[in-house]
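Trainee: upload06.txt is the file, holding compact mmCIF, C-alpha atoms:
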# COMPACT_ATOMS: atom_id res chain seq x y z
CA MET A 1 21.95 -21.49 -31.03
CA TYR A 2 22.83 -22.46 -27.46
CA LYS A 3 25.80 -24.69 -26.80
CA GLY A 4 25.84 -26.88 -23.76
CA ARG A 5 22.90 -26.74 -21.38
CA SER A 6 19.67 -25.24 -22.70
CA PRO A 7 18.37 -22.15 -20.85
CA LEU A 8 14.87 -23.63 -21.11
CA ARG A 9 15.85 -26.60 -18.96
CA ARG A 10 16.46 -25.27 -15.46
CA PRO A 11 15.30 -26.38 -12.02
CA VAL A 12 12.33 -24.51 -10.60
CA ASN A 13 11.90 -24.52 -6.83
CA VAL A 14 8.14 -24.85 -6.44
CA GLY A 15 8.16 -24.76 -2.63
CA ALA A 16 9.92 -21.36 -2.46
CA ALA A 17 6.91 -19.58 -3.90
CA TYR A 18 4.79 -20.84 -1.03
CA GLY A 19 7.21 -20.33 1.80
CA GLY A 20 8.54 -23.88 1.77
CA GLY A 21 11.91 -22.96 0.38
CA SER A 22 13.38 -26.46 0.46
CA ASN A 23 15.69 -27.59 -2.27
CA SER A 24 14.76 -31.25 -2.11
CA SER A 25 14.17 -33.14 -5.30
CA ALA A 26 10.52 -33.67 -4.32
CA ASN A 27 9.83 -29.95 -4.66
CA THR A 28 11.86 -29.45 -7.83
CA ALA A 29 10.24 -29.76 -11.22
CA TYR A 30 12.22 -29.56 -14.45
CA THR A 31 10.84 -27.49 -17.26
CA ALA A 32 11.72 -28.26 -20.83
CA GLY A 33 10.78 -26.73 -24.11
CA THR A 34 7.78 -29.05 -24.49
CA GLY A 35 6.44 -29.31 -20.94
CA MET A 36 7.20 -30.35 -17.36
CA ASN A 37 8.66 -33.56 -16.07
CA ASN A 38 6.04 -34.36 -13.43
CA ALA A 39 7.61 -37.61 -12.24
CA SER A 40 9.05 -36.10 -9.05
CA TYR A 41 6.58 -33.24 -8.62
CA THR A 42 4.53 -32.91 -5.45
CA PRO A 43 2.11 -30.01 -5.14
CA PRO A 44 3.13 -27.36 -2.60
CA VAL A 45 1.22 -26.99 0.62
CA ASN A 46 -0.09 -23.51 1.28
CA ASN A 47 -0.12 -22.86 5.02
CA MET A 48 -2.30 -19.74 4.79
CA ASN A 49 -5.87 -19.89 6.01
CA MET A 50 -7.64 -19.24 2.73
CA GLY A 51 -10.94 -18.47 4.46
CA SER A 52 -9.63 -15.15 5.81
CA CYS A 53 -7.42 -14.12 2.89
CA SER A 54 -8.78 -11.45 0.56
CA ALA A 55 -9.14 -12.02 -3.16
CA ILE A 56 -8.13 -8.39 -3.77
CA LEU A 57 -4.47 -7.59 -3.22
CA LEU A 58 -3.72 -3.98 -2.32
CA THR A 59 -0.37 -2.34 -3.08
CA THR A 60 2.19 -2.32 -0.28
CA ASN A 61 5.21 -0.81 -2.02
CA CYS A 62 4.43 2.91 -1.97
CA ALA A 63 7.27 5.17 -0.87
CA TRP A 64 7.46 8.89 -0.14
CA TRP A 65 10.54 9.37 -2.32
CA LYS A 66 8.76 7.80 -5.32
CA MET A 67 5.85 10.17 -4.85
CA LEU A 68 8.19 13.15 -4.51
CA LEU A 69 10.36 12.32 -7.54
CA LEU A 70 7.49 11.24 -9.78
CA GLY A 71 5.55 14.31 -8.67
CA ILE A 72 8.35 16.52 -9.93
CA VAL A 73 8.64 14.61 -13.21
CA THR A 74 4.87 14.53 -13.88
CA LEU A 75 4.26 18.08 -12.64
CA GLY A 76 2.08 16.95 -9.74
CA ILE A 77 -0.13 14.47 -11.57
CA TYR A 78 1.36 11.30 -10.03
CA PRO A 79 0.79 12.38 -6.38
CA MET A 80 -2.85 13.15 -7.14
CA ILE A 81 -3.40 9.71 -8.66
CA ALA A 82 -1.39 7.92 -5.95
CA ASN A 83 -3.32 9.73 -3.20
CA GLU A 84 -6.57 8.77 -4.92
CA LEU A 85 -5.47 5.12 -4.93
CA MET A 86 -4.41 5.26 -1.26
CA VAL A 87 -7.83 6.60 -0.26
CA HIS A 88 -9.51 3.93 -2.40
CA ASP A 89 -7.44 1.23 -0.66
CA LEU A 90 -8.37 2.64 2.75
CA ASN A 91 -12.04 2.58 1.78
CA LEU A 92 -11.71 -1.07 0.71
CA ALA A 93 -9.92 -2.08 3.90
CA ALA A 94 -11.88 -0.06 6.46
CA SER A 95 -15.39 0.66 5.18
CA ARG A 96 -16.86 -2.64 6.29
CA SER A 97 -15.63 -2.21 9.87
CA ASP A 98 -16.23 1.49 10.50
CA GLY A 99 -19.10 2.16 8.07
CA LYS A 100 -17.42 5.31 6.71
CA ARG A 101 -16.25 6.31 3.29
CA THR A 102 -13.52 8.87 2.69
CA PHE A 103 -14.14 11.38 -0.09
CA SER A 104 -11.90 11.46 -3.11
CA PRO A 105 -8.89 13.74 -2.54
CA MET A 106 -9.56 15.43 -5.87
CA LEU A 107 -13.11 16.20 -4.77
CA ALA A 108 -11.73 17.43 -1.43
CA SER A 109 -9.30 19.73 -3.26
CA PHE A 110 -12.11 21.12 -5.41
CA LEU A 111 -14.38 21.68 -2.42
CA GLY A 112 -11.41 23.10 -0.53
CA ALA A 113 -10.85 25.69 -3.24
CA ILE A 114 -14.51 26.71 -3.01
CA THR A 115 -14.49 26.95 0.81
CA LEU A 116 -11.13 28.78 1.05
CA PHE A 117 -9.36 25.52 2.00
CA VAL A 118 -11.43 24.95 5.14
CA PHE A 119 -12.83 21.71 3.72
CA TYR A 120 -9.31 20.60 2.75
CA PHE A 121 -8.15 20.94 6.37
CA VAL A 122 -11.22 19.11 7.67
CA TRP A 123 -10.75 16.34 5.10
CA ASN A 124 -7.07 15.80 6.01
CA HIS A 125 -7.92 15.90 9.72
CA GLN A 126 -10.53 13.15 9.25
CA TYR A 127 -8.31 11.14 6.88
CA ALA A 128 -5.39 11.05 9.34
CA ASN A 129 -7.72 10.04 12.18
CA ARG A 130 -9.28 7.30 10.05
CA LEU A 131 -5.83 5.92 9.20
CA GLY A 132 -4.93 5.88 12.89
CA ASN A 133 -8.21 4.24 13.89
CA GLU A 134 -7.80 1.52 11.27
CA LEU A 135 -4.25 0.82 12.38
CA CYS A 136 -5.46 0.54 15.97
CA ARG A 137 -8.34 -1.76 14.96
CA ARG A 138 -5.95 -4.04 13.11
CA GLY A 139 -3.57 -4.15 16.07
CA THR A 140 -0.66 -2.55 14.21
CA ASN A 141 1.96 -0.87 16.36
CA TYR A 142 2.19 2.40 14.40
CA LYS A 143 0.68 5.75 15.29
CA ILE A 144 -0.78 8.46 13.10
CA SER A 145 -3.52 10.93 13.93
CA ALA A 146 -4.81 14.40 13.16
CA PHE A 147 -2.12 15.69 15.53
CA HIS A 148 0.51 14.66 12.97
CA PHE A 149 -1.38 16.46 10.19
CA TRP A 150 -1.66 19.70 12.16
CA ILE A 151 1.93 19.67 13.46
CA PHE A 152 3.88 18.25 10.51
CA GLY A 153 1.56 19.13 7.64
CA ILE A 154 0.43 22.63 8.64
CA LEU A 155 2.27 24.30 11.55
CA LEU A 156 5.80 23.23 10.58
CA SER A 157 5.24 23.09 6.82
CA PHE A 158 7.64 25.99 6.24
CA THR A 159 10.56 23.67 7.10
CA ILE A 160 10.02 21.50 3.98
CA VAL A 161 11.18 18.46 5.96
CA CYS A 162 8.06 18.18 8.14
CA PRO A 163 5.59 17.76 5.25
CA ILE A 164 7.85 14.97 3.96
CA ILE A 165 7.72 13.37 7.43
CA TYR A 166 3.92 13.59 7.37
CA LEU A 167 3.82 12.14 3.83
CA HIS A 168 6.07 9.29 5.00
CA LYS A 169 3.77 8.59 7.96
CA VAL A 170 0.64 8.52 5.74
CA ILE A 171 2.26 6.25 3.15
CA LYS A 172 3.68 3.90 5.79
CA ALA A 173 0.29 3.72 7.54
CA THR A 174 -1.40 2.94 4.23
CA ASN A 175 1.19 0.26 3.41
CA LEU A 176 0.72 -1.35 6.85
CA ILE A 177 -3.08 -1.37 6.49
CA ASN A 178 -2.82 -2.82 2.98
CA GLU A 179 -0.34 -5.47 4.11
CA ASP A 180 -2.63 -6.55 6.95
CA PHE A 181 -5.62 -6.52 4.58
CA ASN A 182 -3.73 -8.74 2.11
CA ARG A 183 -2.80 -11.15 4.91
CA ARG A 184 -6.02 -11.29 6.97
CA GLY A 185 -8.70 -9.70 4.83
CA MET A 186 -11.26 -7.36 6.31
Could I get this structure in the form of structure tokens?
Mentor:
Amino acid sequence: MYKGRSPLRRPVNVGAAYGGGSNSSANTAYTAGTGMNNASYTPPVNNMNMGSCSAILLTTNCAWWKMLLLGIVTLGIYPMIANELMVHDLNLAASRSDGKRTFSPMLASFLGAITLFVFYFVWNHQYANRLGNELCRRGTNYKISAFHFWIFGILLSFTIVCPIIYLHKVIKATNLINEDFNRRGM
């Protein structure tokens, strides 16, 4: 088996998980194979205001390169699902304050195909504006609007770089909204 010190008996810094980060012996508990040595354990103090924190945690680690690479690997299925989740997160974070609900992107694509993509343009226009309005309401210093959709997503889409810039702006705006929602709630 193991010679020397057992891998099951290692110090665990309890305060680091809650932002305390001190290495004092009061915040260190030793785990063993049978349980914890609670003689020197003091419970960590959580400095967050739990009254405003949301019970639902939204994802904040989306990246444009993940969506691009996984979109290639999954033949476009991953971006559809990720976009669906981003719209769902926006609806969770913003619906209570603005009273709106954004349609599913898959439904928008279907209705866009029926209306010769007019509905798709309208949907993206409204989606980009709603992201920008929610960022403004939350006091986040980041800008996105329908202007970015029309310039980067439509007019300069032949450059291949500009749609990636627009995708980056949408994903970053969604991550910022989700991060603020996780920290402050609605």
Trainee: At what distance in Å, to one decimal, does CA of Ile56 in chain A lie from CA of Tyr142 in chain A?
Mentor: 23.5 Å
Trainee: Give the answer as one residue: which of A:Ile165, A:Leu75, A:Leu116, A:Leu90 has the shortest atom-to-atom distance to Ser104 in chain A, using all atoms listed in the file?
Mentor: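 Looking only at the distances to Ser104 in chain A, the closest residue turns out to be A:Leu90.
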Trainee: I'd like to know which of A:Gly76, A:Gly153, A:Gly132, A:Gly112 is closest to Ala94 in chain A, using all atoms listed in the file.
Mentor: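 Going through A:Gly76, A:Gly153, A:Gly132, A:Gly112 one by one, the smallest distance to Ala94 in chain A is for A:Gly132.
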Trainee: With distances taken over only C-alpha atoms, which of A:Leu70, A:Tyr127, A:Leu155, A:Leu92 is nearest to Gly185 in chain A?
Mentor: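 The shortest atom-to-atom distance to Gly185 in chain A comes from A:Leu92.
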Trainee: Which of these, A:Ile151, A:Met186, A:Phe110, A:Glu179, has the shortest distance to Arg96 in chain A once you count only C-alpha atoms?
Mentor: A:Met186
Trainee: Looking at only C-alpha atoms, which of A:Ile154, A:Met106, A:Ile171, A:Met86 is the one that sits closest to Leu68 in chain A?
Mentor: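 Smallest distance to Leu68 in chain A is found for A:Ile171.
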Trainee: One decimal, in Å: what's the spacing between CA of Asn129 in chain A and CA of Thr74 in chain A?
Mentor: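 We find that CA of Asn129 in chain A and CA of Thr74 in chain A lie 29.3 Å from each other.
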Trainee: Give me the residues near Asn91 in chain A as a ChimeraX atom specification, where near means some atom within 9 Å (using only C-alpha atoms) and where sequence neighbours in that chain fewer than 6 positions away do not count.
Mentor: /A:100-102
Trainee: Which residues are close to Leu176 in chain A, i.e. within 8 Å by all atoms listed in the file, leaving aside same-chain residues fewer than 4 positions away? Reply as a ChimeraX atom specification.
Mentor: /A:60,135,140,172,180
Trainee: Between CA of Ala63 in chain A and CA of Asn83 in chain A, what is the distance, to one decimal in Å?
Mentor: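 These two atoms are separated by 11.8 Å.
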Trainee: Please determine, counting only C-alpha atoms, which residue among A:Cys136, A:Val170, A:Met67, A:Cys162 has the shortest atom-to-atom distance to Met80 in chain A.
Mentor: A:Met67
